[in-house]
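J.: Got a structure for you, written out below as structure tokens; questions coming shortly.
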Amino acid sequence: MRKKNRFKAAYYGLSSVFESEQNFRIHLFAFVIVILFGVFFGLTNLEWIAILSCSFLVLICEVFNTAIEKLGDHISPNYDVLIGKVKDISAAAVLISSIMSVVVGAIVFIPYLIELWADRV
């Protein structure tokens, strides 16, 4: 497969996830909000690295979760206990990465919010 076709396939996959998965769109919306907060507060380079790494990890986990769910549905259109467990496990990866992102976001943003609040009082 030529490089151009690989990028085209990747773009198609990403747009497919965006169109079909509400959770991906929610995570993407949260990502945009976090970026806006980061710009507003003027994050340091290390804070940006932490925020961007966590944010992209959540999106990547969501993409893999979607791929696993689609594959499971294709392999077994009817309910299958093992495929159900695999889907639950892949969803757990999204949950864990989301929790980590919230914790890192709190560590990064709470001091800025406290400072903003203190300046207004």
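Going by the structure tokens order, chains are called A, B, ..., each with residues numbered from 1, while ligands are numbered from 1 in the order shown.
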What lies within 9 Å of Val17 (chain A) using only C-alpha atoms, ignoring chain neighbours under 3 positions off, as a PyMOL selection string?

T.: chain A and resi 12-14+20-22+24-25+62-63+66-67

J.: Which polymer residues have any atom within 8 Å of an atom of region 57-61 of chain A, counting only C-alpha atoms, with same-chain residues fewer than 3 positions away left out, as a list in words?

T.: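 That gives Phe24, His27, Leu28, Ser53, Cys54, Phe64, Asn65, Ser90, Ala93, Val94, Ser97, Ser98 and Ser101 of chain A.
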
J.: Take the selection from the previous step and output its residues with N, CA and C atoms, as a short mmCIF file (atom, residue, chain, number, x, y, z; two decimals), in the first residue's frame.

T.:
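Final output, result_2.cif:
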```
data_model
loop_
_atom_site.label_atom_id
_atom_site.label_comp_id
_atom_site.auth_asym_id
_atom_site.auth_seq_id
_atom_site.Cartn_x
_atom_site.Cartn_y
_atom_site.Cartn_z
N PHE A 24 -16.46 9.58 21.41
CA PHE A 24 -15.28 10.19 20.80
C PHE A 24 -15.49 11.69 20.63
N HIS A 27 -15.19 13.36 24.01
CA HIS A 27 -13.78 13.48 24.41
C HIS A 27 -13.08 14.56 23.59
N LEU A 28 -13.40 14.65 22.32
CA LEU A 28 -12.80 15.68 21.47
C LEU A 28 -13.24 17.07 21.91
N SER A 53 -0.46 14.75 26.27
CA SER A 53 -0.26 13.29 26.32
C SER A 53 -1.50 12.58 26.85
N CYS A 54 -2.04 13.10 27.92
CA CYS A 54 -3.26 12.49 28.49
C CYS A 54 -4.43 12.60 27.54
N PHE A 64 -9.21 2.68 19.63
CA PHE A 64 -9.01 1.24 19.76
C PHE A 64 -10.25 0.54 20.29
N ASN A 65 -10.92 1.15 21.24
CA ASN A 65 -12.15 0.58 21.78
C ASN A 65 -13.20 0.42 20.67
N SER A 90 -11.88 -3.39 26.81
CA SER A 90 -11.42 -2.26 25.99
C SER A 90 -12.08 -0.95 26.45
N ALA A 93 -10.16 0.47 29.34
CA ALA A 93 -8.97 1.23 28.97
C ALA A 93 -9.32 2.70 28.77
N VAL A 94 -10.46 2.95 28.15
CA VAL A 94 -10.91 4.34 27.96
C VAL A 94 -11.20 4.97 29.32
N SER A 97 -7.87 5.71 31.20
CA SER A 97 -7.16 6.86 30.62
C SER A 97 -7.91 8.16 30.90
N SER A 98 -9.23 8.10 30.92
CA SER A 98 -10.02 9.29 31.24
C SER A 98 -9.83 9.72 32.69
N SER A 101 -6.52 11.32 33.00
CA SER A 101 -6.54 12.66 32.41
C SER A 101 -7.19 13.68 33.35
#
```

J.: Can you tell me, as a PDB file with C-alpha atoms, in the first residue's frame, what residues are no more than 8 Å from region 44-50 of chain A when counting only C-alpha atoms, ignoring any on the same chain fewer than 4 positions away?

T.:
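result_37.pdb, written as the output of this step:
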```pdb
ATOM      1  CA  GLY A  38      -4.309  25.910  28.608  1.00  0.00           C
ATOM      2  CA  CYS A  54      -3.256  12.487  28.493  1.00  0.00           C
ATOM      3  CA  VAL A 104      -3.503  15.215  35.653  1.00  0.00           C
ATOM      4  CA  VAL A 108      -2.211  21.202  36.356  1.00  0.00           C
TER       5      VAL A 108
END
```

J.: May I ask which of the residues A:Ile26, A:Ile33, A:Leu116, A:Lys70 is the closest one to Ile83 (chain A), counting only C-alpha atoms?

T.: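 For Ile83 (chain A), the nearest of the candidates is A:Lys70.
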
J.: What does the distance from CA of Val39 (chain A) to CA of Glu19 (chain A) come to in Å, to one decimal?

T.: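 Computed distance, CA of Val39 (chain A) to CA of Glu19 (chain A), equals 27.7 Å.
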